[in-house]
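**Q** So I've got this file, query.txt, and it contains compact mmCIF, C-alpha atoms:
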```txt
# COMPACT_ATOMS: atom_id res chain seq x y z
CA MET A 19 -7.14 -22.94 -5.96
CA ALA A 20 -8.43 -19.42 -5.60
CA ALA A 21 -7.46 -19.13 -1.97
CA SER A 22 -3.81 -20.01 -2.32
CA ALA A 23 -2.66 -16.74 -3.90
CA SER A 24 -4.21 -14.58 -1.22
CA THR A 25 -3.02 -17.01 1.42
CA SER A 26 0.61 -16.65 0.48
CA ALA A 27 0.25 -12.87 0.18
CA GLN A 28 -1.09 -12.74 3.71
CA ALA A 29 1.70 -14.96 4.89
CA GLU A 30 4.18 -12.45 3.49
CA GLN A 31 2.62 -9.72 5.58
CA ALA A 32 3.00 -11.76 8.71
CA ASP A 33 6.62 -12.54 7.99
CA ARG A 34 8.32 -10.54 10.68
CA VAL A 35 7.02 -12.14 13.77
CA LEU A 36 9.91 -13.67 15.64
CA VAL A 37 11.99 -11.07 17.41
CA ILE A 38 14.54 -11.78 20.13
CA THR A 39 16.01 -8.96 22.18
CA ARG A 40 18.92 -9.00 24.60
CA VAL A 41 20.91 -6.28 26.37
CA PHE A 42 24.63 -6.89 26.72
CA ASP A 43 26.82 -5.13 29.24
CA ALA A 44 29.42 -4.19 26.63
CA PRO A 45 30.01 -1.25 24.27
CA ARG A 46 28.30 -1.40 20.90
CA ALA A 47 31.54 -1.51 18.87
CA LEU A 48 32.67 -4.59 20.76
CA VAL A 49 29.33 -6.37 20.39
CA PHE A 50 29.28 -5.63 16.68
CA LYS A 51 32.80 -7.00 16.40
CA ALA A 52 31.75 -10.15 18.21
CA TRP A 53 29.13 -10.67 15.49
CA THR A 54 31.41 -10.00 12.54
CA ASP A 55 34.95 -11.10 13.39
CA PRO A 56 35.45 -14.84 12.71
CA ALA A 57 37.84 -15.24 15.66
CA HIS A 58 35.15 -13.85 17.95
CA LEU A 59 32.24 -15.66 16.29
CA MET A 60 33.89 -19.03 16.71
CA ARG A 61 33.95 -18.52 20.45
CA TRP A 62 30.21 -18.19 20.95
CA LYS A 63 28.23 -19.01 17.83
CA GLY A 64 26.18 -22.14 18.20
CA PRO A 65 23.98 -23.33 21.06
CA ARG A 66 25.34 -25.24 24.03
CA GLY A 67 26.57 -28.68 23.10
CA PHE A 68 28.11 -27.45 19.84
CA THR A 69 31.55 -26.12 18.99
CA THR A 70 32.15 -23.87 16.02
CA THR A 71 35.14 -25.35 14.22
CA SER A 72 35.27 -23.06 11.22
CA PHE A 73 33.98 -19.66 10.25
CA THR A 74 34.99 -17.90 7.07
CA CYS A 75 33.46 -14.76 5.63
CA ALA A 76 33.87 -11.95 3.18
CA LEU A 77 32.45 -9.14 5.27
CA THR A 78 31.04 -6.99 2.53
CA PRO A 79 27.56 -6.66 1.04
CA GLY A 80 27.14 -9.63 -1.28
CA GLY A 81 29.99 -11.45 0.45
CA ALA A 82 29.52 -15.03 1.56
CA TRP A 83 29.96 -16.57 5.00
CA ARG A 84 30.30 -20.22 5.85
CA SER A 85 30.51 -21.95 9.17
CA CYS A 86 30.84 -25.43 10.62
CA MET A 87 29.49 -26.53 13.98
CA ARG A 88 30.49 -29.80 15.57
CA ARG A 89 28.09 -31.61 17.83
CA ASP A 90 30.11 -32.24 20.98
CA ASP A 91 28.57 -35.61 21.83
CA THR A 92 28.59 -37.26 18.39
CA GLY A 93 31.25 -35.30 16.49
CA GLU A 94 28.74 -34.76 13.69
CA GLU A 95 29.56 -31.71 11.57
CA LEU A 96 26.85 -29.29 10.55
CA TRP A 97 27.47 -26.59 7.99
CA GLN A 98 25.64 -23.32 7.55
CA SER A 99 26.21 -20.53 5.12
CA GLY A 100 24.75 -17.38 3.71
CA VAL A 101 25.39 -14.01 2.15
CA TYR A 102 25.68 -10.60 3.79
CA ARG A 103 23.06 -8.20 2.55
CA GLU A 104 23.81 -5.14 4.68
CA ILE A 105 26.72 -4.24 6.91
CA VAL A 106 26.43 -0.94 8.78
CA PRO A 107 29.01 -0.90 11.60
CA PRO A 108 28.29 -0.80 14.41
CA GLU A 109 24.53 -0.71 14.13
CA ARG A 110 23.09 -3.17 11.66
CA LEU A 111 23.82 -6.51 10.08
CA VAL A 112 21.60 -8.31 7.58
CA PHE A 113 22.43 -11.74 6.22
CA THR A 114 20.85 -14.85 4.80
CA TYR A 115 21.16 -18.11 6.69
CA GLY A 116 20.76 -21.66 5.45
CA TRP A 117 21.74 -25.19 6.52
CA ASP A 118 23.52 -27.65 4.28
CA GLN A 119 21.30 -30.68 3.86
CA ASP A 120 22.31 -34.34 4.24
CA ASP A 121 22.46 -34.78 0.49
CA GLY A 122 24.93 -31.91 0.20
CA SER A 123 22.42 -29.48 -1.23
CA ARG A 124 21.72 -26.13 0.38
CA GLY A 125 18.55 -25.91 2.44
CA PRO A 126 16.04 -23.07 2.30
CA GLU A 127 17.24 -19.66 3.36
CA THR A 128 16.02 -17.36 6.07
CA LEU A 129 16.85 -13.68 6.34
CA VAL A 130 18.27 -12.49 9.65
CA THR A 131 18.47 -8.84 10.67
CA ILE A 132 20.49 -7.92 13.71
CA THR A 133 20.37 -4.38 15.08
CA PHE A 134 22.72 -3.02 17.72
CA ALA A 135 21.51 -0.04 19.77
CA GLU A 136 23.60 2.04 22.17
CA LEU A 137 22.16 2.00 25.66
CA GLY A 138 24.43 4.13 27.86
CA GLY A 139 27.52 1.94 27.60
CA ARG A 140 25.45 -1.19 27.14
CA THR A 141 24.15 -2.60 23.88
CA LYS A 142 20.69 -3.76 22.97
CA VAL A 143 20.71 -6.45 20.30
CA VAL A 144 17.55 -7.26 18.40
CA SER A 145 17.43 -10.33 16.19
CA ASP A 146 14.62 -10.37 13.72
CA ARG A 147 14.00 -13.40 11.56
CA LEU A 148 11.68 -13.83 8.64
CA VAL A 149 9.49 -16.43 10.19
CA HIS A 150 7.50 -17.65 7.26
CA ALA A 151 10.67 -18.41 5.32
CA ALA A 152 12.07 -20.02 8.43
CA MET A 153 9.18 -22.44 8.47
CA ARG A 154 10.68 -24.15 5.48
CA CYS A 155 13.86 -24.64 7.48
CA MET A 156 12.21 -27.15 9.72
CA SER A 157 14.90 -29.54 8.61
CA SER A 158 17.43 -27.60 10.67
CA PRO A 159 19.66 -30.32 12.12
CA LEU A 160 19.42 -28.68 15.52
CA ARG A 161 15.83 -29.74 15.77
CA PRO A 162 15.08 -33.19 17.02
CA CYS A 163 11.66 -33.21 15.36
CA ALA A 164 12.49 -32.77 11.68
CA SER A 165 9.87 -35.38 10.89
CA ARG A 166 7.20 -32.76 11.38
CA THR A 167 8.25 -31.07 8.16
CA THR A 168 6.63 -33.69 6.07
CA GLY A 169 3.34 -33.58 7.99
CA MET V 18 2.14 -26.63 -4.84
CA PRO V 19 2.79 -28.93 -1.88
CA ARG V 20 3.68 -27.06 1.25
CA ASP V 21 4.74 -28.33 4.61
CA GLN V 22 2.20 -28.35 7.40
CA LEU V 23 3.78 -25.60 9.48
CA SER V 24 3.92 -23.24 6.51
CA SER V 25 0.23 -23.63 5.82
CA THR V 26 -0.51 -23.22 9.52
CA PHE V 27 1.38 -19.92 9.56
CA ALA V 28 -0.23 -18.82 6.32
CA ALA V 29 -3.68 -19.59 7.74
CA LEU V 30 -2.86 -17.68 10.93
CA ALA V 31 -1.64 -14.66 8.95
CA ASP V 32 -5.17 -13.32 8.50
CA PRO V 33 -6.92 -11.37 11.29
CA THR V 34 -10.39 -12.67 10.33
CA ARG V 35 -9.20 -16.25 10.59
CA ARG V 36 -7.55 -15.57 13.92
CA ALA V 37 -10.82 -14.06 15.15
CA ILE V 38 -12.66 -17.18 14.00
CA LEU V 39 -10.20 -19.37 15.90
CA ALA V 40 -10.54 -17.18 18.98
CA ARG V 41 -14.33 -17.61 18.80
CA LEU V 42 -13.93 -21.38 18.51
CA ILE V 43 -11.96 -21.52 21.75
CA ALA V 44 -15.35 -20.99 23.43
CA GLY V 45 -16.67 -24.12 21.75
CA GLU V 46 -17.90 -25.41 18.42
CA ALA V 47 -20.21 -23.26 16.33
CA PRO V 48 -22.09 -23.37 13.03
CA VAL V 49 -20.86 -21.28 10.13
CA THR V 50 -23.72 -18.81 10.45
CA LYS V 51 -22.73 -18.07 14.05
CA LEU V 52 -19.09 -17.66 13.09
CA ALA V 53 -20.00 -15.24 10.31
CA GLU V 54 -22.05 -12.98 12.60
CA PRO V 55 -19.32 -10.60 13.84
CA PHE V 56 -17.93 -10.00 10.36
CA GLU V 57 -19.31 -7.77 7.64
CA MET V 58 -18.72 -10.41 5.08
CA SER V 59 -20.69 -12.58 2.74
CA MET V 60 -21.19 -16.20 3.67
CA PRO V 61 -19.03 -17.37 0.74
CA ALA V 62 -16.21 -15.13 1.99
CA VAL V 63 -16.47 -16.62 5.45
CA SER V 64 -16.64 -20.12 3.98
CA LYS V 65 -13.44 -19.39 2.11
CA HIS V 66 -11.67 -18.51 5.35
CA LEU V 67 -13.01 -21.67 6.94
CA LYS V 68 -11.67 -23.71 4.06
CA VAL V 69 -8.19 -22.25 4.57
CA LEU V 70 -8.39 -23.04 8.28
CA GLU V 71 -9.63 -26.53 7.55
CA ARG V 72 -6.89 -27.23 5.03
CA ALA V 73 -4.31 -26.05 7.55
CA GLY V 74 -5.78 -28.53 10.01
CA LEU V 75 -6.67 -25.75 12.44
CA ILE V 76 -10.37 -26.55 12.48
CA ALA V 77 -12.44 -29.65 11.93
CA ARG V 78 -15.98 -29.59 10.58
CA GLY V 79 -18.92 -31.82 11.27
CA ARG V 80 -20.37 -34.02 8.55
CA GLU V 81 -23.99 -32.87 8.85
CA ALA V 82 -24.83 -31.36 5.47
CA GLN V 83 -26.60 -28.22 6.65
CA TRP V 84 -25.14 -27.51 10.02
CA ARG V 85 -21.48 -28.45 9.59
CA PRO V 86 -20.33 -27.13 12.98
CA CYS V 87 -16.70 -26.03 13.21
CA ARG V 88 -14.44 -26.81 16.10
CA LEU V 89 -10.86 -26.01 16.97
CA ALA V 90 -8.16 -28.59 16.19
CA ALA V 91 -5.23 -27.88 18.47
CA GLY V 92 -2.49 -30.03 16.88
CA PRO V 93 -1.06 -27.53 14.37
CA LEU V 94 -1.20 -24.72 16.91
CA LYS V 95 0.92 -26.80 19.23
CA ASP V 96 3.43 -27.38 16.43
CA VAL V 97 3.68 -23.62 15.95
CA ALA V 98 4.20 -23.06 19.66
CA ASP V 99 6.83 -25.85 19.76
CA TRP V 100 8.69 -24.44 16.79
CA VAL V 101 8.80 -20.97 18.30
CA LEU V 102 10.01 -22.40 21.62
CA ASP V 103 12.74 -24.50 19.97
CA TYR V 104 13.88 -21.56 17.91
CA ARG V 105 13.87 -19.18 20.84
CA HIS V 106 15.64 -21.70 23.03
CA ALA V 107 18.50 -22.19 20.55
CA TRP V 108 18.94 -18.45 20.14
CA GLU V 109 18.77 -17.74 23.84
CA GLN V 110 21.57 -20.27 24.34
CA ARG V 111 23.70 -18.57 21.70
CA LEU V 112 23.11 -15.18 23.31
CA ASP V 113 23.99 -16.60 26.73
CA ARG V 114 27.29 -17.73 25.29
CA LEU V 115 27.83 -14.34 23.69
CA ASP V 116 27.11 -12.70 27.04
CA ASP V 117 29.77 -14.86 28.75
CA TYR V 118 32.21 -14.20 25.96
CA LEU V 119 31.73 -10.42 26.02
CA ARG V 120 32.35 -10.45 29.75
CA GLU V 121 35.57 -12.34 29.12
CA LEU V 122 36.63 -9.84 26.45
CA LYS V 123 35.88 -6.89 28.67
CA ASN V 124 37.97 -8.31 31.48
CA LYS V 125 40.83 -8.86 29.07
CA GLU V 126 40.54 -5.31 27.76
CA LYS V 127 40.61 -3.96 31.28
CA LYS V 128 43.84 -5.78 31.93
CA HIS V 129 45.53 -4.67 28.73
CA GLY V 130 43.88 -1.27 28.24
CA ARG V 131 46.14 1.68 28.80
CA LYS V 132 43.37 4.28 28.81
CA ARG V 133 41.54 3.52 31.98
CA LYS V 134 38.91 5.92 33.15
CA HIS V 135 39.62 6.90 36.77
```
How does the structure come out when it is put into structure tokens?

**A**
Amino acid sequence: MAASASTSAQAEQADRVLVITRVFDAPRALVFKAWTDPAHLMRWKGPRGFTTTSFTCALTPGGAWRSCMRRDDTGEELWQSGVYREIVPPERLVFTYGWDQDDGSRGPETLVTITFAELGGRTKVVSDRLVHAAMRCMSSPLRPCASRTTG
Amino acid sequence: MPRDQLSSTFAALADPTRRAILARLIAGEAPVTKLAEPFEMSMPAVSKHLKVLERAGLIARGREAQWRPCRLAAGPLKDVADWVLDYRHAWEQRLDRLDDYLRELKNKEKKHGRKRKH
């Protein structure tokens, strides 16, 4: 179809839509460490109701990370992994992010960019996710409505 | 290439002309000629945009051969809003936890830190 090529090109342009910003009352070096040190990450990564049971990473551009989250109520284990694209301490972190699927294969990837800005002793964190790519991650096990993917 | 519904919804929404068409349809259904009015565009070009919107399920069109009025179909837009809310909710929770954890770390550092200001 003639329209599909231009449609996907336009979708590319609209990629960076979802941005989440938060200011933390902590120095930038510490916040950056909390995002990159496995011991720290395991303490907070994952929404409420989940416990991070494993986090391994090679913190270098091209290095892989892999993490397991356990659902507190069912004990179900959910794995995510990705590759670091950019590491600029203490200001910028870029990595890919994907969920392991039920069949053991790796799900589609999204690209996450985290920036850390100094704010007079506090730190502003901006998370920017490639939304269009994220759409294909509708099968994220955190979502109760994965059935929509097939719609 | 088969694509999931939400992807085609986002792709359809990625164009300003199509968003303007949707915005116009919020006011109520309209024939193609009416929808084309604000744009300096040929009718085939406008029709092409309408086809993308229709395929994405964002609009529905009447059956009348000539008139074929377009109206807004809200379902896919709600899916987009839901997805964004779910996503935001999960991330906000993570950041809440990070906030708690950083507080904990800072308190620890205060206790152990030798270089205390004042």

**Q** Counting all atoms listed in the file, which residues of chain V come no farther than 8 Å from chain A, as a list in words?

**A** Asp21, Gln22, Leu23, Ser24, Phe27, Ala28, Ala29, Ala31, Asp32, Lys65, Val69, Val101, Asp103, Arg105, Ala107, Trp108, Gln110, Arg111, Leu112, Arg114, Leu115, Asp116, Tyr118, Leu119, Arg120 and Lys123 of chain V

**Q** Applying 8 Å and only C-alpha atoms, which residues near Leu75 of chain V remain after dropping the ones on its own chain fewer than 3 positions away? List them as a VMD selection string.

**A** chain V and resid 26 70 to 72 89 to 94

**Q** Any chance you could work out the axis-aligned box around segment 114-121 of chain V, listed atoms only, 6 Å on each side, giving centre and edge lengths in Å to one decimal, as lines of an AutoDock Vina configuration file?

**A**
```
center_x = 31.3
center_y = -14.1
center_z = 26.7
size_x = 20.5
size_y = 19.3
size_z = 18.1
```

**Q** How many Å lie between atom CA of Ala40 of chain V and atom CA of His66 of chain V, rounded to one decimal?

**A**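 Distance reported for this atom pair: 13.7 Å.
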
**Q** What does the distance from atom CA of Thr74 of chain A to atom CA of Glu127 of chain A come to in Å, to one decimal?

**A**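 Atom CA of Glu127 of chain A lies 18.2 Å from atom CA of Thr74 of chain A.
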
**Q** In Å, how far is it from atom CA of Thr78 of chain A to atom CA of Val106 of chain A?

**A**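 Result for atom CA of Thr78 of chain A versus atom CA of Val106 of chain A: 9.8 Å, one decimal.
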